[in-house]
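Below you'll find the structure, written out as structure tokens, and then a few comments.
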Amino acid sequence: MITNLRCIECGEYYHINRTDYRCDKCKSPLEVNHQDVEWEVYSTKGVWRYKEMIHPTLPEEFIVTLGEGATTIYENDKLSAYSGVNNLHLKHEGRNPTGSFKDRGMTVAVSEAKRLGLNHAICASTGNTSSSAAAYTSFAGIGMTVVIPSGRITKSKLAQAVAYGANIETFDGNFDGAMRKVIDSVGAYDKPYPLNSINPWRVEGQKTIIFELIEELITVDYIAVPAGNLGNTSAFGKAIKEMKDWGVLYDIPRIIAVQAEGASPFYRYMSEGGSDPLVPEDDPQTMASAIRIGNPVNWRKAKKSLEYTNGIAVSVSDEEIYDSKRMIDLSGIGCEPASAASVAGVKKLRNQGVIDRNDVVACVLTGHILKDTDIILQKMEENAARETAPA
Ligand code: F0G
């Protein structure tokens, strides 16, 4: 069994110990490449159940885990009726240790940092990556700097990163600016280790969302996911392709990448035919702060995911996102605003007749309801003001 890094465009191979995750020749992103893998699961629960398919050569002593993965898949009559899809499944990634799907990628990337013997990491974040990175690096005894776009992340997410002891650097600008700053500061061994999804080990961990979904549901026609920096969209396509290559999947589910209308560079890019390069949005705007991203770093990998799975990119308005969130909350399941984009996207494609009433559809809910309580209270106050306003 061999694991190395490979350029997703020109196919150049690199040694696994490299920490500059861009190709020297064509500057495209690198991905983790496993050769001669045999699908073999362990009895451990969660992400590391799939160790053979995400980091087969990692000695177990380096694994940094807080017990991530093995999240619940829900079905709910109210949400089936709301979306118009009878066979609707909701996989809740908010049930992870720090309340988002990031923990699945972080357990693998921080374990890799440990294997490499690194002692300082960095990330930019709209809030969830920073919370997760702060927790996992603290647990591993690795220093952590998080670069936060000033005033643009929720209080609960900022509080989490502070509480786990990360060094907080505020960036005067939006997420894309903060991300650029991080990209410029990483690369060589003496630089901090990047924990954003440009790190291909994050993608390896997030593949397990698909492994679990398909192991539990067996057949799935569509898998919908909120899309921001496109780490999950990338991971989902890689997981589906690998399962197919390794002979454990027959019918390929179609990925639905759902963006918020005001922050939808990938949706526009794919709708316009997907010829390079993606044109970023300078001033992305959406109430779903987790996916307020105009220049997604993983667009090349995400494009391959949609191409391989005959996937769909779709955009939904803030009103559609919030309406879906309200229904998910009222069902007792609950999620943060960005997460509800998956259900809003499915409802829209069902209304357009793309998805059939009887298709098997899985929506990934990416974050916990407590990740953004401000918006809930703000809407409550707006409703109260509307009710008391003179007619
Ligand atoms: N949903 C939530 C709750 C998120 O926090 C994010 C990304 C996404 C969806 C989009 O996922 O980037 O893989 O397309 N949050 C990042 C962060 C950017 O910094 O926490 P993606």
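Letters A, B, ... mark the chains of the structure tokens in the order given; residue numbers begin at 1 per chain; ligand numbers begin at 1, in order shown.
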
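The helix (DSSP H, G or I) portion of stretch 293-333 of chain A consists of A:Trp299, A:Arg300, A:Lys301, A:Ala302, A:Lys303, A:Lys304, A:Ser305, A:Leu306, A:Glu307, A:Tyr308, A:Thr309, A:Asp318, A:Glu319, A:Glu320, A:Ile321, A:Tyr322, A:Asp323, A:Ser324, A:Lys325, A:Arg326, A:Met327, A:Ile328, A:Asp329, A:Leu330, with states taken from DSSP on the backbone.
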
Next, dump the selected residues to file, keeping only C-alpha atoms, as a short mmCIF file (atom, residue, chain, number, x, y, z; two decimals), in the first residue's frame.
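Result written to result_14.cif:
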data_model
loop_
_atom_site.label_atom_id
_atom_site.label_comp_id
_atom_site.auth_asym_id
_atom_site.auth_seq_id
_atom_site.Cartn_x
_atom_site.Cartn_y
_atom_site.Cartn_z
CA TRP A 299 -13.21 25.26 -7.11
CA ARG A 300 -11.01 23.04 -9.28
CA LYS A 301 -11.57 19.96 -7.14
CA ALA A 302 -15.27 20.78 -6.75
CA LYS A 303 -15.69 21.05 -10.51
CA LYS A 304 -14.25 17.54 -10.88
CA SER A 305 -16.74 16.31 -8.27
CA LEU A 306 -19.72 17.67 -10.18
CA GLU A 307 -18.37 16.38 -13.48
CA TYR A 308 -17.77 12.87 -12.10
CA THR A 309 -21.17 12.60 -10.42
CA ASP A 318 -31.56 34.10 1.96
CA GLU A 319 -35.35 33.93 2.35
CA GLU A 320 -35.37 30.35 1.05
CA ILE A 321 -32.47 29.44 3.36
CA TYR A 322 -34.11 30.95 6.42
CA ASP A 323 -37.49 29.42 5.64
CA SER A 324 -35.83 25.98 5.44
CA LYS A 325 -33.94 26.61 8.67
CA ARG A 326 -37.19 27.53 10.42
CA MET A 327 -38.77 24.25 9.27
CA ILE A 328 -35.70 22.22 10.31
CA ASP A 329 -35.72 23.96 13.71
CA LEU A 330 -39.47 23.41 14.15
#

Just list the residues in stretch 296-347 of chain A DSSP gives strand (DSSP E or B) on the backbone, as a PyMOL selection string. chain A and resi 312-316

Can you write just those residues out, N, CA and C atoms, as a short mmCIF file (atom, residue, chain, number, x, y, z; two decimals), in the first residue's frame?
data_model
loop_
_atom_site.label_atom_id
_atom_site.label_comp_id
_atom_site.auth_asym_id
_atom_site.auth_seq_id
_atom_site.Cartn_x
_atom_site.Cartn_y
_atom_site.Cartn_z
N ILE A 312 -25.00 18.90 -9.74
CA ILE A 312 -25.73 20.13 -10.05
C ILE A 312 -25.27 21.21 -9.07
N ALA A 313 -25.02 22.42 -9.60
CA ALA A 313 -24.81 23.57 -8.71
C ALA A 313 -26.08 24.40 -8.77
N VAL A 314 -26.53 24.87 -7.61
CA VAL A 314 -27.78 25.62 -7.55
C VAL A 314 -27.60 26.76 -6.54
N SER A 315 -28.36 27.84 -6.71
CA SER A 315 -28.29 28.89 -5.70
C SER A 315 -29.67 29.17 -5.15
N VAL A 316 -29.72 29.56 -3.89
CA VAL A 316 -30.99 29.84 -3.21
C VAL A 316 -30.90 31.17 -2.49
#

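You can rank A:Ser80, A:Asn232, A:Thr154, A:Thr19 by their closest distance to ligand 1 using only C-alpha atoms and all ligand atoms, and at the top of that list sits A:Asn232.
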
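The residue that comes closest to ligand 1, out of A:Asp356, A:Asp245, A:Asp103, A:Glu12 and on the basis of only C-alpha atoms and all ligand atoms, is A:Asp103.
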
Counting only C-alpha atoms, which residues of stretch 59-107 of chain A fall within 12 Å of stretch 217-230 of chain A, and what is the closest atom pair for each with its distance in Å at one decimal, ordered by chain and rising number, as a Markdown table?
| residue | atom | partner | partner_atom | distance |
| --- | --- | --- | --- | --- |
| A:Ile73 | CA | A:Leu217 | CA | 9.3 |
| A:Tyr74 | CA | A:Leu217 | CA | 11.4 |
| A:Glu75 | CA | A:Leu217 | CA | 11.7 |
| A:Val85 | CA | A:Tyr222 | CA | 11.2 |
| A:Asn87 | CA | A:Val220 | CA | 9.6 |
| A:Leu88 | CA | A:Tyr222 | CA | 9.8 |
| A:His89 | CA | A:Leu217 | CA | 9.0 |
| A:Leu90 | CA | A:Ala224 | CA | 9.6 |
| A:Lys91 | CA | A:Ile223 | CA | 10.0 |
| A:His92 | CA | A:Val225 | CA | 11.3 |
| A:Glu93 | CA | A:Val225 | CA | 11.0 |
| A:Phe101 | CA | A:Val225 | CA | 11.2 |

For ligand 1, collect every residue having any atom at a distance of at most 7 Å from a ligand atom (counting only C-alpha atoms and all ligand atoms); output as a compact mmCIF listing (two decimals) with all heavy atoms, in the first residue's frame.
# COMPACT_ATOMS: atom_id res chain seq x y z
N SER A 100 -19.70 20.98 14.16
CA SER A 100 -19.77 21.07 12.69
C SER A 100 -18.98 19.94 12.03
O SER A 100 -18.19 19.26 12.68
CB SER A 100 -19.22 22.42 12.19
OG SER A 100 -17.81 22.38 12.09
N ALA A 124 -7.78 30.47 8.23
CA ALA A 124 -8.74 31.58 8.14
C ALA A 124 -10.10 30.93 8.32
O ALA A 124 -10.24 29.73 8.07
CB ALA A 124 -8.67 32.22 6.76
N SER A 125 -11.11 31.71 8.75
CA SER A 125 -12.38 31.03 8.96
C SER A 125 -13.58 31.96 9.02
O SER A 125 -13.49 33.09 9.47
CB SER A 125 -12.31 30.22 10.26
OG SER A 125 -13.49 29.47 10.44
N THR A 126 -14.72 31.42 8.56
CA THR A 126 -15.99 32.08 8.80
C THR A 126 -16.56 31.59 10.15
O THR A 126 -17.69 31.87 10.48
CB THR A 126 -17.01 31.79 7.67
OG1 THR A 126 -17.17 30.36 7.55
CG2 THR A 126 -16.55 32.36 6.33
N GLY A 127 -15.79 30.82 10.90
CA GLY A 127 -16.15 30.48 12.28
C GLY A 127 -16.06 29.02 12.67
O GLY A 127 -15.58 28.70 13.76
N ASN A 128 -16.50 28.13 11.81
CA ASN A 128 -16.49 26.72 12.21
C ASN A 128 -15.12 26.06 12.11
O ASN A 128 -14.74 25.27 12.98
CB ASN A 128 -17.51 25.93 11.38
CG ASN A 128 -18.92 26.14 11.90
OD1 ASN A 128 -19.12 26.28 13.11
ND2 ASN A 128 -19.89 26.18 11.01
N THR A 129 -14.39 26.39 11.05
CA THR A 129 -13.03 25.84 10.93
C THR A 129 -12.20 26.28 12.12
O THR A 129 -11.45 25.48 12.71
CB THR A 129 -12.36 26.33 9.63
OG1 THR A 129 -13.14 25.85 8.52
CG2 THR A 129 -10.95 25.81 9.48
N SER A 130 -12.33 27.56 12.51
CA SER A 130 -11.51 28.06 13.63
C SER A 130 -11.88 27.37 14.93
O SER A 130 -11.00 27.01 15.72
CB SER A 130 -11.64 29.59 13.74
OG SER A 130 -12.98 29.99 13.68
N PRO A 226 -24.41 22.33 1.47
CA PRO A 226 -24.16 23.77 1.35
C PRO A 226 -22.74 23.99 0.88
O PRO A 226 -21.82 23.31 1.34
CB PRO A 226 -24.31 24.30 2.79
CG PRO A 226 -24.93 23.21 3.58
CD PRO A 226 -24.62 21.92 2.87
N ALA A 227 -22.53 24.92 -0.04
CA ALA A 227 -21.20 25.08 -0.65
C ALA A 227 -20.66 26.48 -0.44
O ALA A 227 -21.29 27.47 -0.83
CB ALA A 227 -21.28 24.75 -2.14
N GLY A 228 -19.47 26.55 0.19
CA GLY A 228 -18.81 27.84 0.42
C GLY A 228 -17.42 27.81 -0.18
O GLY A 228 -17.20 28.17 -1.33
N ASN A 229 -16.47 27.32 0.63
CA ASN A 229 -15.09 27.19 0.15
C ASN A 229 -14.91 25.91 -0.67
O ASN A 229 -13.85 25.64 -1.20
CB ASN A 229 -14.14 27.21 1.35
CG ASN A 229 -12.91 28.07 1.11
OD1 ASN A 229 -12.80 28.75 0.09
ND2 ASN A 229 -11.98 28.03 2.04
N LEU A 230 -15.97 25.08 -0.72
CA LEU A 230 -16.07 23.89 -1.58
C LEU A 230 -15.21 22.71 -1.14
O LEU A 230 -14.91 21.81 -1.93
CB LEU A 230 -15.76 24.25 -3.05
CG LEU A 230 -16.69 25.32 -3.66
CD1 LEU A 230 -16.13 25.78 -5.02
CD2 LEU A 230 -18.11 24.79 -3.84
N GLY A 231 -14.84 22.67 0.14
CA GLY A 231 -14.10 21.53 0.68
C GLY A 231 -14.97 20.28 0.69
O GLY A 231 -14.53 19.20 0.25
N ASN A 232 -16.19 20.41 1.16
CA ASN A 232 -17.08 19.25 1.21
C ASN A 232 -17.44 18.77 -0.20
O ASN A 232 -17.45 17.57 -0.46
CB ASN A 232 -18.38 19.60 1.96
CG ASN A 232 -18.36 19.06 3.38
OD1 ASN A 232 -17.54 18.19 3.73
ND2 ASN A 232 -19.25 19.56 4.20
N THR A 233 -17.76 19.70 -1.08
CA THR A 233 -18.10 19.32 -2.45
C THR A 233 -16.94 18.51 -3.05
O THR A 233 -17.15 17.49 -3.72
CB THR A 233 -18.40 20.58 -3.30
OG1 THR A 233 -19.36 21.38 -2.60
CG2 THR A 233 -18.94 20.23 -4.67
N ALA A 290 -21.56 31.53 7.45
CA ALA A 290 -20.60 30.43 7.26
C ALA A 290 -20.22 30.28 5.79
O ALA A 290 -19.11 29.84 5.47
CB ALA A 290 -21.18 29.12 7.78
N ILE A 291 -21.13 30.62 4.89
CA ILE A 291 -20.85 30.43 3.45
C ILE A 291 -20.78 31.77 2.70
O ILE A 291 -21.03 31.84 1.51
CB ILE A 291 -21.88 29.46 2.79
CG1 ILE A 291 -23.32 29.87 3.07
CG2 ILE A 291 -21.63 28.04 3.26
CD1 ILE A 291 -24.36 29.04 2.30
N GLU A 336 -27.72 25.45 11.99
CA GLU A 336 -27.37 26.86 11.75
C GLU A 336 -27.82 27.25 10.34
O GLU A 336 -28.08 26.37 9.50
CB GLU A 336 -25.88 27.10 11.99
CG GLU A 336 -24.95 26.50 10.96
CD GLU A 336 -23.54 27.12 11.04
OE1 GLU A 336 -23.36 28.30 10.65
OE2 GLU A 336 -22.64 26.41 11.50
N ALA A 338 -26.54 28.36 7.41
CA ALA A 338 -25.88 27.84 6.20
C ALA A 338 -26.28 26.40 5.92
O ALA A 338 -26.47 26.00 4.76
CB ALA A 338 -24.36 27.93 6.34
N SER A 339 -26.45 25.61 6.97
CA SER A 339 -26.79 24.19 6.82
C SER A 339 -28.09 23.99 6.07
O SER A 339 -28.25 23.03 5.32
CB SER A 339 -26.94 23.54 8.20
OG SER A 339 -25.83 23.82 9.01
N THR A 366 -24.76 20.97 8.05
CA THR A 366 -23.33 21.12 8.34
C THR A 366 -22.99 21.62 9.74
O THR A 366 -21.90 21.41 10.24
CB THR A 366 -22.72 22.06 7.28
OG1 THR A 366 -23.63 23.16 7.10
CG2 THR A 366 -22.50 21.35 5.98
N GLY A 367 -23.95 22.33 10.40
CA GLY A 367 -23.61 22.90 11.70
C GLY A 367 -24.77 22.92 12.68
O GLY A 367 -25.95 22.91 12.30

Shell around stretch 271-283 of chain A at 6 Å using only C-alpha atoms, local window under 4 positions removed, as a short mmCIF file (atom, residue, chain, number, x, y, z; two decimals) with C-alpha atoms, in the first residue's frame:
data_model
loop_
_atom_site.label_atom_id
_atom_site.label_comp_id
_atom_site.auth_asym_id
_atom_site.auth_seq_id
_atom_site.Cartn_x
_atom_site.Cartn_y
_atom_site.Cartn_z
CA PRO A 265 -19.37 32.29 -7.67
CA GLY A 294 -16.59 34.94 -2.94
CA ASN A 295 -13.35 33.19 -3.91
#

Minimum-distance residue to A:Gly205, chosen among A:Gly334, A:Gly46, A:Gly345, A:Gly11 (using only C-alpha atoms): A:Gly46

A:Thr3, A:Gly311, A:Gly173, A:Asp24 ranked by distance to A:Arg152, top pick (using only C-alpha atoms): A:Gly173

Extract, using only C-alpha atoms, all DNA, RNA and protein residues at most 12 Å from A:Lys244, discarding same-chain residues fewer than 5 positions from it, and format them as a PyMOL selection string. chain A and resi 39+211+214+237-239+249-253+308-309

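Nearest residue to A:Asp172, choosing from A:Ser132, A:Thr145, A:Ser150, A:Gln285 and counting only C-alpha atoms: A:Ser150.
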
Exercise: A:Trp48 partners within 12 Å, only C-alpha atoms, chain neighbours under 2 positions left out, as a ChimeraX atom specification: /A:40-46,50-56,58,60,63-70,104-105,107-108,111,204-209,211-212

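Shell of A:Val110 at 10 Å, with only C-alpha atoms counted and residues fewer than 2 places along the chain excluded, is Phe62, Ile63, Val64, Thr65, Gly105, Met106, Thr107, Val108, Glu112, Ala113, Lys114, Arg115, Leu116, Leu118, Ala121, Ala133, Tyr136, Thr137, Phe139, Ala140, Ile142, Tyr193, Pro194, Leu195, Trp201 and Arg202 of chain A.
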
Could you tell me which of A:Gly143, A:Pro200, A:Gly84, A:Pro149 comes closest to A:Asn167 if we count only C-alpha atoms? A:Gly143

Residues near stretch 178-189 of chain A, cut-off 6 Å, only C-alpha atoms, skip fewer than 2 positions along chain, as a PyMOL selection string: chain A and resi 19-20+124+171+175-176+191-192

Writing out the chosen residues with C-alpha atoms as a PDB file, in the first residue's frame:
ATOM      1  CA  THR A  19       3.440  20.619   3.259  1.00  0.00           C
ATOM      2  CA  ASP A  20       3.190  22.972   0.292  1.00  0.00           C
ATOM      3  CA  ALA A 124      -8.741  31.577   8.139  1.00  0.00           C
ATOM      4  CA  PHE A 171      -8.443  40.671   9.659  1.00  0.00           C
ATOM      5  CA  PHE A 175     -13.130  35.875   4.615  1.00  0.00           C
ATOM      6  CA  ASP A 176     -11.510  35.790   1.170  1.00  0.00           C
ATOM      7  CA  LYS A 191       5.891  28.090   8.252  1.00  0.00           C
ATOM      8  CA  PRO A 192       2.655  27.373  10.178  1.00  0.00           C
TER       9      PRO A 192
END

Record the distance separating atom CA of A:Glu38 and atom CA of A:Ala109, expressed in Å with one decimal. 22.1 Å
